[in-house]
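Everything below concerns the one structure shown next.
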Amino acid sequence: MRKYVDWKYVKIKKCYTYFNYILILRGGNTMKIGTFSASTPITALSPNRYARARRFLATQGVTLVAGNLTGRRDSYRAGSIKERAAEINALIHDDSLDILMATIGGTNANSVLAMLDYEYLNQHPKTIVGYSDATAVLLAVQTHAPNCRVIYGPALVASLGALESEIVTTTWQNFLTVYRAAPGQAVTEQAPAQWTDEAVNWETFEHPKHMHANTWHYTATPILTGRLIGGNLNTMYGFFNSPYFPKLTGNELLFIEDAEKTAATLEKNFVMLALAGVFDQISGIILGKHALYDDQGSGRLPIDILQEVLGDRQLPIIYDYDSCHTVPMLSTPLGADVRIDAQARTVTFSKLKNFVNRPYLHAWYKNTCFLINDKHIIKQLD
C-alpha cells in the first residue's frame, strides 16, 4: 500500500448511498506511470538500460506499470499494429494512472493512431509524454483528446535509463517542472549549461561523454511568443495533413527537431512543410538541436538549409533549443503558450491544459479499498 499522512474523516457526496462517512488517508500521493512501446521494442533490445530506468523511477517514488508488450519483440517493432494500439488503449482505460510515457521512439507509431480510444481518454485525461516517433501519439492526443496535458519530454528507456545520473536527474526535474504546473500557472525552464549528443554508454559504460557549452541562437529577434505546436519533423511526415495533425491558425510557433539525418533528408523534410503551406500559416519557428547530424560534406548546418527553403519568407527563428535528442532535455508542453528567450536561454510556458496530477486517494470501507478522485469513486481495488 502507499504511505499516507494526515488522516481525517470526510463526507463524500455523489457516491454510493451506503458511503456516508469513510476514512480517507490524505497526502503522500505517488505518481503512477504506464509505459507503452508504439514502435521500437526497446525493452527487449536494451534490457540493461530498461532496468536502470525502472530503478531510477523507483528512487523517485514512482510506481511503474509496464505495458503488456514490455519485453516482447516482433522484428523491428514491439508487436503488430493491433497489439501496439491495444497496449496503449489498456493504459488509457487504467484510471489509476497519472501518466502515459513512451519507452522510446522508432518509426511506426503513426500505425496506431486510428485505433486509439480518444473519447475515453478525453473524458479521463492523463498526461502523455515522449519524444521522437512518439510525436505521432502526442499530436493525435492533442488533437482528439484536448483535455490531456501533452508533453514533448523524456521517454522511459532512452531518457531515464542513461548511465549519466546528472543528465537523467536534470531531464527528470525539467519534466516535473512542466508536469506539476497548475492550471493558469506559468512555468519557466532554464537551458542546461552543457549538452551532448555523443552516442556512447547505451547499454554499458564505455567512457565519459564529451559535453559542449550551451548556446541558443536566433535570426531576427531573440524573443518569440505564441502557441506552440510541433515535435519530431521526420515523424510528422508520416501523418501530416491527416485528421491527427493539429490545425494551424496563424499564431503558432512551429517547434521542430530531428536526429541522425543527412542534409539531403533534412532539405526534403523542410521542403515538405513549405509545399504544404505550413510556413505561410505560422508566426515563427523554434528549431531544436540536431543530434548526430550528417552534413554530407556540404558544410551546411540545419539552420542554413531551413533558411534556404524559407526563401523570402520573413519568419523569425530561434534555434538550437534543447527539447530534442540531445541531453539533458527540456520538456515542452505542446499546445501551451510559450515565451522563449534565446539570449537568456529560458523558455516560459503558460495556458497549460487543465489536467494536472490528480489527487487519487485510498478510502477504506468494511475492509474494502476504493480509489477516490475528488468526490467520485473511480474503482474498487483488489
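In the C-alpha cells, chains take the letters A, B, ... in the order shown, each chain's residues start at 1, and ligands count up from 1 in the order shown.
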May I have all residues of region 21-70 of chain A that DSSP, computed from the backbone, assigns to alpha helix (DSSP H), given as a JSON list (two decimals) with C-alpha atoms, in the first residue's frame?
[["chain", "number", "residue", "atom", "x", "y", "z"],
["A", 42, "ILE", "CA", 13.45, -1.23, -26.79],
["A", 43, "THR", "CA", 12.65, -3.09, -23.56],
["A", 44, "ALA", "CA", 13.63, -6.31, -25.34],
["A", 45, "LEU", "CA", 16.60, -4.82, -27.20],
["A", 47, "PRO", "CA", 17.27, -4.79, -21.03],
["A", 48, "ASN", "CA", 20.08, -3.20, -19.01],
["A", 49, "ARG", "CA", 19.02, 0.33, -19.88],
["A", 50, "TYR", "CA", 15.38, -0.55, -19.23],
["A", 51, "ALA", "CA", 16.29, -1.92, -15.80],
["A", 52, "ARG", "CA", 18.23, 1.25, -14.96],
["A", 53, "ALA", "CA", 15.22, 3.39, -15.89],
["A", 54, "ARG", "CA", 12.99, 1.35, -13.61],
["A", 55, "ARG", "CA", 15.47, 1.68, -10.75],
["A", 56, "PHE", "CA", 15.73, 5.43, -11.24],
["A", 57, "LEU", "CA", 11.97, 5.94, -11.10],
["A", 58, "ALA", "CA", 11.78, 3.74, -8.00],
["A", 59, "THR", "CA", 14.19, 6.14, -6.29]]
Notebook entry, point to check: If you count only C-alpha atoms, which residues fall within 10 Å of Arg84 (chain A), apart from same-chain ones fewer than 3 positions away, as a ChimeraX atom specification?
Noted result: /A:36-39,67-69,77-81,87-89,109,111-112,115-116
Notebook entry, point to check: For Tyr152 (chain A), which of A:Thr346, A:Gln314, A:Gln185, A:Ser323 is the closest residue, counting only C-alpha atoms?
Noted result: A:Ser323
Margin query: Considering only C-alpha atoms, can you say which of A:Lys247, A:Arg313, A:Arg339, A:Lys82 comes closest to Thr225 (chain A)?
Written below: A:Arg339
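Neighbours of Leu273 (chain A) closer than or equal to 10 Å, with only C-alpha atoms counted and sequence neighbours fewer than 6 positions away skipped, come out as Leu233, Met236, Tyr237, Phe240, Phe279, Asp280, Val309 and Leu310 of chain A.
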Next, the residues of the selection above should be written as an mmCIF file, in the first residue's frame with C-alpha atoms.
data_model
loop_
_atom_site.group_PDB
_atom_site.id
_atom_site.type_symbol
_atom_site.label_atom_id
_atom_site.label_comp_id
_atom_site.auth_asym_id
_atom_site.auth_seq_id
_atom_site.Cartn_x
_atom_site.Cartn_y
_atom_site.Cartn_z
ATOM 1 C CA LEU A 233 9.866 16.509 -38.071
ATOM 2 C CA MET A 236 5.382 14.364 -38.801
ATOM 3 C CA TYR A 237 5.581 13.423 -42.453
ATOM 4 C CA PHE A 240 0.954 15.263 -41.831
ATOM 5 C CA PHE A 279 5.459 28.215 -43.329
ATOM 6 C CA ASP A 280 2.693 30.556 -44.535
ATOM 7 C CA VAL A 309 13.983 26.615 -48.071
ATOM 8 C CA LEU A 310 12.181 29.563 -46.481
#
Using only C-alpha atoms, determine which residues lie at most 10 Å from Asp258 (chain A), disregarding the query and same-chain residues fewer than 2 positions distant; provide the list as a compact mmCIF listing (two decimals) with all heavy atoms, in the first residue's frame.
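File written: result17.txt
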# COMPACT_ATOMS: atom_id res chain seq x y z
N SER A 132 10.52 12.13 -30.12
CA SER A 132 10.88 11.43 -31.36
C SER A 132 9.62 10.87 -32.02
O SER A 132 8.66 11.59 -32.25
CB SER A 132 11.92 10.35 -31.05
OG SER A 132 12.51 9.85 -32.23
N GLY A 231 7.05 18.99 -32.84
CA GLY A 231 7.68 17.77 -32.38
C GLY A 231 8.75 17.34 -33.37
O GLY A 231 9.41 18.17 -33.98
N ASN A 232 8.87 16.04 -33.53
CA ASN A 232 9.88 15.48 -34.41
C ASN A 232 9.45 15.57 -35.87
O ASN A 232 8.41 15.02 -36.26
CB ASN A 232 10.16 14.03 -34.03
CG ASN A 232 11.22 13.39 -34.89
OD1 ASN A 232 10.92 12.64 -35.80
ND2 ASN A 232 12.47 13.71 -34.62
N LEU A 233 10.25 16.25 -36.69
CA LEU A 233 9.87 16.51 -38.07
C LEU A 233 9.79 15.23 -38.89
O LEU A 233 8.87 15.05 -39.69
CB LEU A 233 10.86 17.49 -38.70
CG LEU A 233 10.63 17.85 -40.17
CD1 LEU A 233 9.22 18.39 -40.39
CD2 LEU A 233 11.68 18.85 -40.63
N ASN A 234 10.74 14.34 -38.72
CA ASN A 234 10.74 13.12 -39.51
C ASN A 234 9.50 12.27 -39.23
O ASN A 234 8.99 11.57 -40.10
CB ASN A 234 12.00 12.30 -39.22
CG ASN A 234 12.24 11.22 -40.25
OD1 ASN A 234 12.38 11.50 -41.43
ND2 ASN A 234 12.29 9.98 -39.80
N THR A 235 9.00 12.35 -38.00
CA THR A 235 7.76 11.63 -37.66
C THR A 235 6.55 12.30 -38.28
O THR A 235 5.61 11.63 -38.73
CB THR A 235 7.60 11.56 -36.14
OG1 THR A 235 8.71 10.87 -35.58
CG2 THR A 235 6.32 10.84 -35.76
N ILE A 256 10.25 22.23 -34.23
CA ILE A 256 10.67 21.04 -34.97
C ILE A 256 12.09 20.66 -34.57
O ILE A 256 12.93 21.51 -34.32
CB ILE A 256 10.60 21.25 -36.51
CG1 ILE A 256 11.20 22.59 -36.92
CG2 ILE A 256 9.17 21.13 -37.01
CD1 ILE A 256 11.18 22.85 -38.41
N GLU A 260 20.03 12.34 -36.35
CA GLU A 260 20.67 11.33 -37.20
C GLU A 260 20.22 11.41 -38.66
O GLU A 260 20.14 10.39 -39.36
CB GLU A 260 20.41 9.93 -36.65
CG GLU A 260 20.90 9.75 -35.22
CD GLU A 260 20.62 8.36 -34.68
OE1 GLU A 260 20.97 7.38 -35.36
OE2 GLU A 260 20.03 8.27 -33.59
N LYS A 261 19.93 12.60 -39.13
CA LYS A 261 19.52 12.77 -40.53
C LYS A 261 20.66 13.39 -41.33
O LYS A 261 21.53 14.08 -40.80
CB LYS A 261 18.27 13.66 -40.61
CG LYS A 261 17.07 13.09 -39.89
CD LYS A 261 16.64 11.77 -40.49
CE LYS A 261 15.45 11.18 -39.77
NZ LYS A 261 15.77 10.71 -38.41
N LEU A 266 17.08 16.27 -44.53
CA LEU A 266 16.57 17.46 -43.86
C LEU A 266 15.99 18.44 -44.86
O LEU A 266 14.91 19.03 -44.63
CB LEU A 266 17.70 18.11 -43.05
CG LEU A 266 17.29 18.98 -41.87
CD1 LEU A 266 16.40 18.21 -40.91
CD2 LEU A 266 18.51 19.50 -41.15
N LEU A 287 13.67 25.77 -33.62
CA LEU A 287 14.39 24.62 -34.19
C LEU A 287 15.27 24.00 -33.12
O LEU A 287 16.14 24.67 -32.55
CB LEU A 287 15.22 25.08 -35.39
CG LEU A 287 16.00 24.00 -36.14
CD1 LEU A 287 15.05 23.01 -36.81
CD2 LEU A 287 16.91 24.66 -37.19
N GLY A 288 15.05 22.73 -32.85
CA GLY A 288 15.85 22.05 -31.85
C GLY A 288 17.24 21.69 -32.36
O GLY A 288 17.49 21.67 -33.57
N LYS A 289 18.13 21.40 -31.44
CA LYS A 289 19.44 20.88 -31.83
C LYS A 289 19.24 19.58 -32.61
O LYS A 289 18.34 18.79 -32.33
CB LYS A 289 20.28 20.60 -30.58
CG LYS A 289 20.79 21.85 -29.87
CD LYS A 289 21.64 21.46 -28.66
CE LYS A 289 22.33 22.66 -28.04
NZ LYS A 289 21.37 23.58 -27.37
N HIS A 290 20.11 19.35 -33.58
CA HIS A 290 20.02 18.13 -34.39
C HIS A 290 21.13 17.19 -33.96
O HIS A 290 22.30 17.37 -34.29
CB HIS A 290 20.16 18.46 -35.88
CG HIS A 290 19.78 17.33 -36.77
ND1 HIS A 290 18.81 17.44 -37.74
CD2 HIS A 290 20.25 16.05 -36.86
CE1 HIS A 290 18.69 16.28 -38.37
NE2 HIS A 290 19.57 15.43 -37.84
N ALA A 291 20.76 16.16 -33.22
CA ALA A 291 21.75 15.20 -32.72
C ALA A 291 22.33 14.38 -33.86
O ALA A 291 21.59 13.90 -34.74
CB ALA A 291 21.11 14.28 -31.68
N LEU A 292 23.64 14.23 -33.85
CA LEU A 292 24.34 13.35 -34.80
C LEU A 292 23.99 13.68 -36.25
O LEU A 292 23.75 12.81 -37.08
CB LEU A 292 24.04 11.89 -34.50
CG LEU A 292 24.42 11.45 -33.07
CD1 LEU A 292 23.93 10.04 -32.79
CD2 LEU A 292 25.92 11.56 -32.85
N TYR A 293 23.97 14.95 -36.56
CA TYR A 293 23.65 15.44 -37.92
C TYR A 293 24.80 15.15 -38.88
O TYR A 293 25.98 15.29 -38.53
CB TYR A 293 23.39 16.94 -37.84
CG TYR A 293 23.33 17.65 -39.16
CD1 TYR A 293 22.30 17.39 -40.08
CD2 TYR A 293 24.29 18.61 -39.50
CE1 TYR A 293 22.23 18.07 -41.28
CE2 TYR A 293 24.22 19.29 -40.70
CZ TYR A 293 23.20 19.01 -41.60
OH TYR A 293 23.14 19.68 -42.80
N PRO A 302 21.75 22.70 -40.18
CA PRO A 302 20.29 22.65 -40.35
C PRO A 302 19.68 24.04 -40.52
O PRO A 302 18.77 24.22 -41.35
CB PRO A 302 19.82 21.97 -39.07
CG PRO A 302 20.95 21.05 -38.71
CD PRO A 302 22.19 21.81 -39.06
N CYS A 324 14.93 17.93 -27.41
CA CYS A 324 15.32 17.21 -28.62
C CYS A 324 16.05 15.93 -28.23
O CYS A 324 15.95 15.47 -27.09
CB CYS A 324 16.19 18.10 -29.50
SG CYS A 324 17.63 18.77 -28.62
N HIS A 325 16.80 15.35 -29.18
CA HIS A 325 17.52 14.11 -28.93
C HIS A 325 18.85 14.32 -28.21
O HIS A 325 19.51 13.35 -27.85
CB HIS A 325 17.77 13.38 -30.25
CG HIS A 325 16.56 12.72 -30.83
ND1 HIS A 325 15.50 13.43 -31.34
CD2 HIS A 325 16.25 11.41 -30.98
CE1 HIS A 325 14.59 12.59 -31.80
NE2 HIS A 325 15.01 11.36 -31.58
N THR A 326 19.29 15.56 -28.03
CA THR A 326 20.47 15.81 -27.22
C THR A 326 20.07 15.79 -25.75
O THR A 326 18.89 15.86 -25.41
CB THR A 326 21.11 17.16 -27.58
OG1 THR A 326 20.21 18.23 -27.26
CG2 THR A 326 21.47 17.22 -29.06
Notebook entry, point to check: Could you pull the residues within 6 Å of region 101-107 of chain A, counting only C-alpha atoms, minus those fewer than 4 positions along the same chain, as an NGL selection string?
Noted result: :A and (35-37 or 39-40 or 129-130 or 132-134 or 155-158)
Next item on the list: Name all residues at most 8 Å from region 189-197 of chain A (count only C-alpha atoms; drop same-chain ones fewer than 4 positions away) and give them as a ChimeraX atom specification.
Entry: /A:174,177,209-214,291-292,322,325-328,330,345-348
Margin query: Could you go through region 83-310 of chain A and tell me which residues DSSP, when run on the backbone, assigns to strand (DSSP E), listing them as a ChimeraX atom specification?
Written below: /A:99-102,127-130,149-152,187-190,194-195,212-213,217-218,223-232,252-257,284-288
Just-selected residues, C-alpha atoms written as a CSV table (one decimal), in the first residue's frame:
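Listing of out-v2.csv after writing:
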chain,number,residue,atom,x,y,z
A,99,ILE,CA,0.9,9.5,-16.9
A,100,LEU,CA,1.4,7.5,-20.1
A,101,MET,CA,5.1,7.5,-21.1
A,102,ALA,CA,6.7,6.2,-24.3
A,127,THR,CA,-0.5,13.4,-19.1
A,128,ILE,CA,1.1,11.9,-22.2
A,129,VAL,CA,4.9,12.2,-22.6
A,130,GLY,CA,7.5,11.1,-25.0
A,149,ARG,CA,-1.6,17.6,-21.0
A,150,VAL,CA,0.8,16.5,-23.8
A,151,ILE,CA,4.5,16.9,-23.2
A,152,TYR,CA,7.4,16.6,-25.6
A,187,VAL,CA,6.5,27.8,-15.5
A,188,THR,CA,10.0,28.6,-16.7
A,189,GLU,CA,12.8,26.2,-17.7
A,190,GLN,CA,16.4,27.2,-18.0
A,194,GLN,CA,26.1,21.9,-21.2
A,195,TRP,CA,24.8,19.4,-23.7
A,212,HIS,CA,29.6,21.1,-25.0
A,213,ALA,CA,29.0,24.6,-23.7
A,217,HIS,CA,20.8,31.4,-31.5
A,218,TYR,CA,18.3,33.5,-33.4
A,223,ILE,CA,12.3,36.6,-28.1
A,224,LEU,CA,9.4,34.7,-29.7
A,225,THR,CA,5.9,34.3,-28.3
A,226,GLY,CA,2.9,32.3,-29.5
A,227,ARG,CA,1.0,29.0,-29.2
A,228,LEU,CA,3.5,26.1,-29.6
A,229,ILE,CA,2.9,23.0,-31.7
A,230,GLY,CA,5.2,20.5,-33.2
A,231,GLY,CA,7.7,17.8,-32.4
A,232,ASN,CA,9.9,15.5,-34.4
A,252,GLU,CA,1.6,29.2,-33.8
A,253,LEU,CA,5.3,28.8,-33.2
A,254,LEU,CA,6.3,25.6,-35.0
A,255,PHE,CA,8.7,23.6,-32.9
A,256,ILE,CA,10.7,21.0,-35.0
A,257,GLU,CA,13.6,18.9,-34.2
A,284,GLY,CA,7.8,31.7,-36.2
A,285,ILE,CA,10.0,28.6,-35.8
A,286,ILE,CA,11.8,27.0,-32.8
A,287,LEU,CA,14.4,24.6,-34.2
A,288,GLY,CA,15.9,22.0,-31.8
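If you look at CA of Thr221 (chain A) and CA of Ser331 (chain A), they are 22.7 Å away from each other.
As for CA of Lys353 (chain A) and CA of Ala259 (chain A), they are spaced 28.2 Å apart.
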Notebook entry, point to check: Separation of CA of Gly184 (chain A) and CA of Ile282 (chain A), in Å?
Noted result: 24.3 Å
